[in-house]
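Text of start_29.pdb, listed as PDB, C-alpha atoms and all ligand atoms:
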```pdb
ATOM      1  CA  MET H 531     -17.591  16.215   1.616
ATOM      2  CA  GLN H 532     -17.512  16.655  -2.158
ATOM      3  CA  ILE H 533     -17.544  13.647  -4.458
ATOM      4  CA  CYS H 534     -15.983  14.060  -7.897
ATOM      5  CA  ARG H 535     -16.324  11.538 -10.690
ATOM      6  CA  ASP H 536     -14.846  13.496 -13.608
ATOM      7  CA  LEU H 537     -11.692  15.552 -14.066
ATOM      8  CA  PRO H 538     -13.296  18.982 -14.626
ATOM      9  CA  SER H 539     -15.210  18.724 -11.334
ATOM     10  CA  LEU H 540     -12.071  17.455  -9.543
ATOM     11  CA  ARG H 541     -10.050  20.389 -10.899
ATOM     12  CA  ALA H 542     -12.684  22.884  -9.749
ATOM     13  CA  ALA H 543     -12.964  21.282  -6.311
ATOM     14  CA  THR H 544      -9.201  21.073  -5.723
ATOM     15  CA  ALA H 545      -8.705  24.656  -6.941
ATOM     16  CA  ALA H 546     -11.268  25.808  -4.362
ATOM     17  CA  LEU H 547      -9.662  23.731  -1.599
ATOM     18  CA  ARG H 548      -6.190  25.038  -2.464
ATOM     19  CA  ALA H 549      -7.283  28.675  -2.597
ATOM     20  CA  ASP H 550      -5.369  31.071  -0.338
ATOM     21  CA  GLY H 551      -2.408  28.691  -0.081
ATOM     22  CA  GLN H 552      -4.302  25.943   1.733
ATOM     23  CA  ARG H 553      -2.376  22.663   1.728
ATOM     24  CA  LEU H 554      -4.131  19.669   0.217
ATOM     25  CA  ALA H 555      -3.284  16.024   0.961
ATOM     26  CA  ILE H 556      -4.327  12.913  -0.924
ATOM     27  CA  VAL H 557      -4.929   9.435   0.454
ATOM     28  CA  PRO H 558      -4.872   7.027  -2.515
ATOM     29  CA  THR H 559      -7.046   3.943  -1.943
ATOM     30  CA  MET H 560      -8.820   1.196  -3.834
ATOM     31  CA  GLY H 561     -11.782   1.357  -1.460
ATOM     32  CA  ALA H 562     -12.993  -1.420   0.879
ATOM     33  CA  LEU H 563     -11.790   0.921   3.582
ATOM     34  CA  HIS H 564     -10.745  -0.116   7.093
ATOM     35  CA  ASP H 565      -9.211   1.689  10.048
ATOM     36  CA  GLY H 566      -5.781   1.578   8.374
ATOM     37  CA  HIS H 567      -7.079   3.840   5.599
ATOM     38  CA  LEU H 568      -8.783   6.172   8.062
ATOM     39  CA  ALA H 569      -5.476   6.472   9.936
ATOM     40  CA  LEU H 570      -3.999   7.831   6.694
ATOM     41  CA  VAL H 571      -6.629  10.585   6.607
ATOM     42  CA  ALA H 572      -5.850  11.491  10.237
ATOM     43  CA  ALA H 573      -2.082  11.363   9.634
ATOM     44  CA  ALA H 574      -2.358  13.665   6.616
ATOM     45  CA  ARG H 575      -4.273  16.175   8.694
ATOM     46  CA  ALA H 576      -1.764  15.874  11.559
ATOM     47  CA  ALA H 577       1.083  16.421   9.073
ATOM     48  CA  GLY H 578      -0.270  19.872   8.290
ATOM     49  CA  ALA H 579      -2.802  19.390   5.500
ATOM     50  CA  ASP H 580      -5.606  21.964   5.614
ATOM     51  CA  ALA H 581      -7.805  19.726   3.461
ATOM     52  CA  VAL H 582      -7.684  15.999   2.785
ATOM     53  CA  SER H 583      -8.840  14.247  -0.355
ATOM     54  CA  ALA H 584      -9.093  10.490  -0.843
ATOM     55  CA  SER H 585      -9.239   8.585  -4.093
ATOM     56  CA  ILE H 586     -11.215   5.381  -4.515
ATOM     57  CA  PHE H 587     -10.162   3.637  -7.691
ATOM     58  CA  VAL H 588      -9.699  -0.089  -8.216
ATOM     59  CA  ASN H 589      -6.798   0.216 -10.625
ATOM     60  CA  PRO H 590      -6.953  -2.472 -13.328
ATOM     61  CA  LEU H 591      -3.356  -1.726 -14.348
ATOM     62  CA  GLN H 592      -1.937  -3.160 -11.123
ATOM     63  CA  PHE H 593      -3.727  -6.517 -11.433
ATOM     64  CA  ASN H 594      -2.101  -9.107 -13.660
ATOM     65  CA  ALA H 595      -3.834 -11.793 -15.685
ATOM     66  CA  ASN H 596      -3.715 -14.303 -12.802
ATOM     67  CA  GLU H 597      -5.340 -11.936 -10.316
ATOM     68  CA  ASP H 598      -9.062 -11.548 -10.125
ATOM     69  CA  LEU H 599      -9.887  -7.857 -10.467
ATOM     70  CA  SER H 600     -13.609  -8.612 -10.194
ATOM     71  CA  ARG H 601     -13.049 -10.281  -6.804
ATOM     72  CA  TYR H 602     -11.630  -7.082  -5.298
ATOM     73  CA  PRO H 603     -14.086  -6.009  -2.560
ATOM     74  CA  ARG H 604     -16.177  -2.910  -3.280
ATOM     75  CA  ASP H 605     -18.377  -0.963  -0.881
ATOM     76  CA  GLU H 606     -18.972   2.520  -2.222
ATOM     77  CA  ALA H 607     -21.662   3.560   0.262
ATOM     78  CA  GLY H 608     -19.732   2.209   3.254
ATOM     79  CA  ASP H 609     -16.483   3.828   2.085
ATOM     80  CA  LEU H 610     -18.096   7.244   1.605
ATOM     81  CA  ALA H 611     -19.693   7.107   5.056
ATOM     82  CA  LYS H 612     -16.345   6.223   6.660
ATOM     83  CA  LEU H 613     -14.476   8.986   4.837
ATOM     84  CA  LYS H 614     -17.107  11.541   5.781
ATOM     85  CA  ALA H 615     -16.928  10.501   9.440
ATOM     86  CA  ALA H 616     -13.109  10.717   9.265
ATOM     87  CA  GLY H 617     -13.346  14.356   8.146
ATOM     88  CA  CYS H 618     -12.303  13.862   4.535
ATOM     89  CA  ASP H 619     -13.077  16.937   2.386
ATOM     90  CA  LEU H 620     -13.144  15.456  -1.101
ATOM     91  CA  VAL H 621     -13.409  12.014  -2.688
ATOM     92  CA  TRP H 622     -12.137  11.341  -6.208
ATOM     93  CA  MET H 623     -13.882   8.334  -7.732
ATOM     94  CA  PRO H 624     -13.052   8.238 -11.423
ATOM     95  CA  PRO H 625     -14.490   5.593 -13.711
ATOM     96  CA  VAL H 626     -11.844   3.537 -15.511
ATOM     97  CA  GLU H 627     -12.420   5.480 -18.777
ATOM     98  CA  ALA H 628     -11.615   8.774 -17.020
ATOM     99  CA  MET H 629      -8.361   7.403 -15.630
ATOM    100  CA  TYR H 630      -7.316   5.549 -18.775
ATOM    101  CA  PRO H 631      -9.130   7.078 -21.763
ATOM    102  CA  PRO H 632      -8.973   5.162 -25.047
ATOM    103  CA  GLY H 633      -5.523   5.666 -26.568
ATOM    104  CA  SER H 634      -3.688   5.937 -23.220
ATOM    105  CA  ALA H 635      -0.147   4.762 -23.934
ATOM    106  CA  THR H 636       2.062   5.969 -21.091
ATOM    107  CA  VAL H 637       3.175   3.963 -18.080
ATOM    108  CA  ILE H 638       5.711   4.597 -15.333
ATOM    109  CA  GLU H 639       8.348   1.923 -14.823
ATOM    110  CA  VAL H 640      10.266   2.341 -11.568
ATOM    111  CA  GLY H 641      13.464   0.295 -11.240
ATOM    112  CA  GLY H 642      15.298  -0.144  -7.928
ATOM    113  CA  PRO H 643      12.832  -1.045  -5.170
ATOM    114  CA  SER H 644      10.332  -2.588  -7.628
ATOM    115  CA  ALA H 645      12.678  -5.551  -8.098
ATOM    116  CA  GLY H 646      12.027  -8.781  -6.235
ATOM    117  CA  TRP H 647       9.406  -9.786  -3.653
ATOM    118  CA  GLU H 648       6.025  -8.420  -4.787
ATOM    119  CA  GLY H 649       7.667  -7.394  -8.077
ATOM    120  CA  ASP H 650       8.401 -11.066  -8.766
ATOM    121  CA  ALA H 651       5.154 -12.415  -7.335
ATOM    122  CA  ARG H 652       2.995  -9.933  -9.247
ATOM    123  CA  PRO H 653       4.655  -9.039 -12.576
ATOM    124  CA  GLY H 654       3.586  -5.574 -13.743
ATOM    125  CA  HIS H 655       2.045  -4.709 -10.382
ATOM    126  CA  PHE H 656       4.372  -1.835  -9.529
ATOM    127  CA  ARG H 657       4.132  -0.434 -13.060
ATOM    128  CA  GLY H 658       0.397  -0.156 -12.462
ATOM    129  CA  VAL H 659       0.813   1.312  -8.983
ATOM    130  CA  ALA H 660       3.398   3.883 -10.108
ATOM    131  CA  THR H 661       1.350   4.899 -13.140
ATOM    132  CA  VAL H 662      -1.862   5.431 -11.214
ATOM    133  CA  CYS H 663      -0.123   7.203  -8.317
ATOM    134  CA  CYS H 664       1.665   9.552 -10.724
ATOM    135  CA  LYS H 665      -1.701  10.358 -12.328
ATOM    136  CA  LEU H 666      -3.408  10.793  -8.944
ATOM    137  CA  PHE H 667      -0.680  13.197  -7.821
ATOM    138  CA  GLN H 668      -1.071  15.271 -11.018
ATOM    139  CA  GLN H 669      -4.849  15.199 -10.904
ATOM    140  CA  SER H 670      -5.169  16.110  -7.236
ATOM    141  CA  GLN H 671      -2.450  18.771  -7.143
ATOM    142  CA  ALA H 672      -1.895  17.630  -3.551
ATOM    143  CA  GLU H 673       1.233  18.563  -1.593
ATOM    144  CA  ILE H 674       1.149  15.531   0.706
ATOM    145  CA  ALA H 675       0.311  11.894  -0.118
ATOM    146  CA  ALA H 676      -0.191   9.436   2.751
ATOM    147  CA  PHE H 677       0.751   5.777   2.283
ATOM    148  CA  GLY H 678       0.621   2.934   4.792
ATOM    149  CA  GLU H 679       3.822   1.156   5.755
ATOM    150  CA  LYS H 680       1.857  -2.093   5.489
ATOM    151  CA  ASP H 681       2.731  -2.186   1.769
ATOM    152  CA  TRP H 682       6.380  -1.378   2.429
ATOM    153  CA  GLN H 683       7.664  -2.120  -1.074
ATOM    154  CA  GLN H 684       4.899  -0.001  -2.625
ATOM    155  CA  LEU H 685       5.825   2.866  -0.283
ATOM    156  CA  GLN H 686       9.476   2.666  -1.403
ATOM    157  CA  VAL H 687       8.512   2.452  -5.093
ATOM    158  CA  VAL H 688       6.306   5.546  -4.857
ATOM    159  CA  THR H 689       8.949   7.421  -2.840
ATOM    160  CA  ARG H 690      11.573   6.554  -5.493
ATOM    161  CA  MET H 691       9.279   7.657  -8.325
ATOM    162  CA  VAL H 692       8.523  11.021  -6.705
ATOM    163  CA  ALA H 693      12.244  11.666  -6.168
ATOM    164  CA  ASP H 694      13.236  10.554  -9.669
ATOM    165  CA  LEU H 695      10.511  12.506 -11.485
ATOM    166  CA  ASP H 696      10.790  15.639  -9.295
ATOM    167  CA  ILE H 697       7.100  15.442  -8.437
ATOM    168  CA  PRO H 698       6.382  18.226  -5.922
ATOM    169  CA  ILE H 699       4.620  16.100  -3.341
ATOM    170  CA  ARG H 700       5.708  14.822   0.077
ATOM    171  CA  ILE H 701       5.180  11.107   0.643
ATOM    172  CA  LEU H 702       4.004  10.630   4.211
ATOM    173  CA  PRO H 703       4.620   7.089   5.560
ATOM    174  CA  VAL H 704       2.048   5.995   8.145
ATOM    175  CA  ALA H 705       2.616   3.110  10.587
ATOM    176  CA  THR H 706       0.743  -0.134   9.937
ATOM    177  CA  VAL H 707      -2.552  -0.337  11.805
ATOM    178  CA  ARG H 708      -3.068  -3.738  13.405
ATOM    179  CA  GLU H 709      -5.916  -5.704  14.904
ATOM    180  CA  ALA H 710      -5.686  -6.330  18.655
ATOM    181  CA  ASP H 711      -3.975  -9.693  18.003
ATOM    182  CA  GLY H 712      -1.336  -8.124  15.733
ATOM    183  CA  LEU H 713      -2.723  -8.983  12.296
ATOM    184  CA  ALA H 714      -2.040  -6.085   9.923
ATOM    185  CA  MET H 715      -5.306  -4.579   8.682
ATOM    186  CA  SER H 716      -5.964  -5.357   5.030
ATOM    187  CA  SER H 717      -8.937  -5.453   2.708
ATOM    188  CA  ARG H 718      -8.024  -9.093   2.044
ATOM    189  CA  ASN H 719      -8.540 -10.184   5.675
ATOM    190  CA  ARG H 720     -12.284 -10.462   5.083
ATOM    191  CA  PHE H 721     -11.606 -13.495   2.869
ATOM    192  CA  LEU H 722     -10.022 -15.489   5.744
ATOM    193  CA  SER H 723     -12.132 -18.320   7.166
ATOM    194  CA  ALA H 724     -12.630 -18.296  10.947
ATOM    195  CA  GLU H 725      -9.886 -20.898  11.318
ATOM    196  CA  GLU H 726      -7.481 -18.990   9.061
ATOM    197  CA  ARG H 727      -8.268 -15.750  10.889
ATOM    198  CA  ALA H 728      -7.272 -17.425  14.172
ATOM    199  CA  THR H 729      -3.956 -18.539  12.620
ATOM    200  CA  ALA H 730      -3.162 -15.270  10.812
ATOM    201  CA  PRO H 731      -1.511 -13.438  13.769
ATOM    202  CA  VAL H 732       1.171 -16.154  13.830
ATOM    203  CA  LEU H 733       2.759 -14.311  10.885
ATOM    204  CA  LEU H 734       3.646 -11.268  13.000
ATOM    205  CA  ARG H 735       4.716 -13.441  15.934
ATOM    206  CA  VAL H 736       7.123 -15.414  13.733
ATOM    207  CA  MET H 737       8.453 -12.228  12.135
ATOM    208  CA  THR H 738       8.975 -10.585  15.516
ATOM    209  CA  ALA H 739      10.909 -13.628  16.766
ATOM    210  CA  ALA H 740      13.122 -13.599  13.648
ATOM    211  CA  ALA H 741      13.716  -9.839  13.864
ATOM    212  CA  THR H 742      14.612 -10.103  17.540
ATOM    213  CA  ALA H 743      16.995 -12.981  16.862
ATOM    214  CA  ILE H 744      18.717 -11.113  14.011
ATOM    215  CA  ALA H 745      18.961  -7.899  16.003
ATOM    216  CA  GLY H 746      20.446  -9.941  18.849
ATOM    217  CA  GLY H 747      23.213 -11.322  16.620
ATOM    218  CA  ALA H 748      21.760 -14.627  15.309
ATOM    219  CA  ALA H 749      22.853 -15.715  11.827
ATOM    220  CA  VAL H 750      20.393 -14.230   9.314
ATOM    221  CA  ALA H 751      19.927 -17.408   7.233
ATOM    222  CA  ALA H 752      19.258 -19.530  10.333
ATOM    223  CA  ALA H 753      16.739 -17.042  11.745
ATOM    224  CA  LEU H 754      14.899 -16.847   8.409
ATOM    225  CA  ASP H 755      14.915 -20.634   7.894
ATOM    226  CA  ASP H 756      13.545 -21.097  11.393
ATOM    227  CA  GLY H 757      10.806 -18.520  10.692
ATOM    228  CA  LEU H 758       9.852 -20.213   7.420
ATOM    229  CA  ALA H 759       9.658 -23.601   9.156
ATOM    230  CA  ARG H 760       7.434 -22.150  11.874
ATOM    231  CA  LEU H 761       5.130 -20.590   9.315
ATOM    232  CA  ARG H 762       4.782 -23.881   7.434
ATOM    233  CA  ALA H 763       4.104 -25.705  10.693
ATOM    234  CA  ALA H 764       1.295 -23.249  11.445
ATOM    235  CA  GLY H 765      -0.341 -23.903   8.056
ATOM    236  CA  PHE H 766       1.037 -21.038   5.936
ATOM    237  CA  GLU H 767       2.556 -21.414   2.493
ATOM    238  CA  PRO H 768       5.235 -18.721   2.671
ATOM    239  CA  ASP H 769       6.348 -16.994  -0.541
ATOM    240  CA  TYR H 770       9.217 -15.241   1.185
ATOM    241  CA  LEU H 771      10.555 -14.123   4.545
ATOM    242  CA  ALA H 772      13.562 -11.899   3.983
ATOM    243  CA  LEU H 773      15.830  -9.322   5.551
ATOM    244  CA  VAL H 774      16.224  -6.325   3.235
ATOM    245  CA  GLU H 775      17.656  -2.827   3.068
ATOM    246  CA  ALA H 776      14.686  -0.712   4.085
ATOM    247  CA  GLU H 777      14.790   1.786   1.174
ATOM    248  CA  THR H 778      16.050  -0.365  -1.720
ATOM    249  CA  LEU H 779      14.503  -3.737  -0.767
ATOM    250  CA  LYS H 780      17.837  -5.373  -1.661
ATOM    251  CA  PRO H 781      18.212  -8.664   0.229
ATOM    252  CA  LEU H 782      20.685  -8.814   3.106
ATOM    253  CA  THR H 783      22.506 -11.947   4.195
ATOM    254  CA  ALA H 784      23.974 -10.221   7.241
ATOM    255  CA  ARG H 785      22.990  -7.292   9.426
ATOM    256  CA  ARG H 786      23.981  -3.919   8.000
ATOM    257  CA  ALA H 787      25.487  -1.161  10.095
ATOM    258  CA  ASP H 788      24.994   1.644   7.561
ATOM    259  CA  GLY H 789      21.228   2.011   7.409
ATOM    260  CA  PRO H 790      17.797   0.688   8.363
ATOM    261  CA  MET H 791      16.749  -2.921   7.754
ATOM    262  CA  ARG H 792      13.300  -4.402   7.319
ATOM    263  CA  LEU H 793      11.941  -7.904   7.578
ATOM    264  CA  VAL H 794       9.427  -8.477   4.766
ATOM    265  CA  ALA H 795       7.115 -11.448   4.357
ATOM    266  CA  ALA H 796       4.358 -12.782   2.144
ATOM    267  CA  ALA H 797       2.571 -15.994   3.031
ATOM    268  CA  ARG H 798      -0.581 -17.654   1.829
ATOM    269  CA  LEU H 799      -3.263 -18.921   4.189
ATOM    270  CA  GLY H 800      -5.789 -20.813   2.114
ATOM    271  CA  THR H 801      -6.568 -18.486  -0.803
ATOM    272  CA  VAL H 802      -5.490 -15.300   0.995
ATOM    273  CA  ARG H 803      -1.998 -13.906   0.538
ATOM    274  CA  LEU H 804      -0.947 -11.975   3.646
ATOM    275  CA  LEU H 805       1.835  -9.358   3.558
ATOM    276  CA  ASP H 806       3.628  -7.845   6.493
ATOM    277  CA  ASN H 807       6.883  -6.087   7.355
ATOM    278  CA  ILE H 808       8.596  -4.831  10.474
ATOM    279  CA  PRO H 809      11.793  -2.910  11.255
ATOM    280  CA  VAL H 810      14.810  -4.838  12.508
ATOM    281  CA  GLY H 811      16.982  -3.392  15.239
TER     282      GLY H 811
HETATM  283  O1  LIG U 901      -2.389   0.451  -1.824
HETATM  284  C1  LIG U 901      -3.355   0.582  -2.603
HETATM  285  O2  LIG U 901      -4.506   0.533  -2.212
HETATM  286  C2  LIG U 901      -3.086   0.819  -4.082
HETATM  287  O3  LIG U 901      -1.963   0.128  -4.513
HETATM  288  C3  LIG U 901      -2.967   2.325  -4.442
HETATM  289  C4  LIG U 901      -1.779   2.964  -3.766
HETATM  290  C5  LIG U 901      -4.245   3.043  -4.049
HETATM  291  C6  LIG U 901      -2.777   2.485  -5.948
HETATM  292  O4  LIG U 901      -3.860   1.947  -6.653
END
```

Render the structure in this file as structure tokens.
Ligand code: PAF
Amino acid sequence: MQICRDLPSLRAATAALRADGQRLAIVPTMGALHDGHLALVAAARAAGADAVSASIFVNPLQFNANEDLSRYPRDEAGDLAKLKAAGCDLVWMPPVEAMYPPGSATVIEVGGPSAGWEGDARPGHFRGVATVCCKLFQQSQAEIAAFGEKDWQQLQVVTRMVADLDIPIRILPVATVREADGLAMSSRNRFLSAEERATAPVLLRVMTAAATAIAGGAAVAAALDDGLARLRAAGFEPDYLALVEAETLKPLTARRADGPMRLVAAARLGTVRLLDNIPVG
């Protein structure tokens, strides 16, 4: 497994991996890897990639002033060992100055699915995500990019950007990987206390009940209000629990018949903000 920390060595390594028409995939990450990330490596391979690269870059552009960039977990040695064991061929670990050299002045602003939900909770977040993903796609010259469905809105934002900017890369959505009790895997889970960790799976249980009720014909507002009340009763501080159009993230007040729907949620347990989403119907 090659490790590249500057652009010239990345270019040389990707050119070698792409020789003879070999297909290269990229798995963008911010490190602190768990089984959800490793599933992305496996999914990229299963989708036909001959070689898989992963990036580890804690992107300052997607953290706003209220979020603690320095608190983001980092484990370089552990991450590299996991990627090697997962069969990753190349790891791109640029320093911040390589990604954003002095004088950098270009950002990518995606409309549509960036609006609302995480876009409201974390102003500027999707600008940072879109900008770094666009750069990672250019830098890696990959043909496939694997993204977890766990961050559903991010997946839709990146998919929209690739379509709008005619970027020749296929976005590969990969199902959320969950712990045995249903909690979606996330780098943030390590910050849950033992008590919070025991409560955390309630989020999926409440969402599943709401999705089942809506799919079964219950009024959307009543099902969502009931879900919010149950989350509060369990000790969560919910930011939102909403039914949305799956691709645009536009809120729905009634079931739609013309396309897929998703239930999206963000709720705080202590200091940890948990995100999850599931299909409806
Ligand atoms: O999902 C993440 O870890 C990040 O948002 C991503 C896609 C690697 C961009 O920094």

Gap from CA of Met737 (chain H) to CA of Cys663 (chain H) - Å, one decimal
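Rounded to one decimal, the two atoms are 29.5 Å apart.
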
Measuring atom to atom with all atoms listed in the file, identify which of H:Ala751, H:Val640, H:Cys618, H:Val732 is nearest to Gln684 (chain H).
H:Val640

Ligand LIG 901 (chain U) proximity check over H:Val582, H:Ala574, H:Ala763, H:Val688, using all atoms listed in the file: winner is H:Val688

Residues contacting ligand LIG 901 (chain U) - anything with an atom at most 6 Å away, using only C-alpha atoms and all ligand atoms - can you give me those as a VMD selection string?
chain H and resid 558 to 560 589 659 663

I'd like to see the residues matched by the PyMOL selection byres (((chain H and resi 592) around 6) and not hetatm) on this file, and ideally I'd get them as a PyMOL selection string.
chain H and resi 589-591+593+655+658-659

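With only C-alpha atoms as the atoms that count, the residue of H:Pro632, H:Gly578, H:Pro624, H:Gly746 with the shortest distance to Pro538 (chain H) is H:Pro624.
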
Find the spatial neighbours of Glu775 (chain H), counting only C-alpha atoms, within a cut-off of 7 Å - ignore same-chain residues fewer than 4 positions away - and output them as a VMD selection string.
chain H and resid 779 to 782 790 to 792

Would you kindly translate the PyMOL selection byres (((chain H and resi 680) around 7) and not hetatm) into the concrete residues it picks from this file, as a list of chain:residue names?
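With the shown file as input, the PyMOL selection byres (((chain H and resi 680) around 7) and not hetatm) matches H:Gly678, H:Glu679, H:Asp681, H:Trp682, H:Thr706, H:Asp806, H:Asn807.
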
Would you mind reading off the distance between CA of Leu754 (chain H) and CA of Leu799 (chain H), one decimal, in Å?
18.8 Å

Using CA of Arg548 (chain H) and CA of Asp605 (chain H) as the two end points, give the distance in Å to one decimal.
28.8 Å

Fewer than 4 positions away in the same chain doesn't count, so skip those; otherwise give me all residues within 12 Å of region 738-740 of chain H, counting all atoms listed in the file, as an MDAnalysis selection string.
chainID H and resid 712 731:734 744:761 771:773 792:795 806:811

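Between Ala577 (chain H) and the candidates H:Arg700, H:Arg535, H:Lys612, H:Arg690, the tightest atom-to-atom separation, counting all atoms listed in the file, involves H:Arg700.
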
Ranking H:Met691, H:Val802, H:Met715, H:Ile697 by minimum distance to Gln668 (chain H) and counting only C-alpha atoms, which one comes first?
H:Ile697

Residues picked by the PyMOL selection byres (((chain H and resi 699) around 7) and not hetatm) here, as a VMD selection string?
chain H and resid 672 to 675 697 to 698 700 to 701

Near Asp769 (chain H), within 8 Å and counting all atoms listed in the file, which residues show up once chain neighbours fewer than 5 positions away are dropped, as a PyMOL selection string?
chain H and resi 795-798

Between H:Val736, H:Leu599, H:Leu620, H:Ala569, which is the closest to Ala555 (chain H) once you count all atoms listed in the file?
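Counting all atoms listed in the file, the residue closest to Ala555 (chain H) is H:Leu620.
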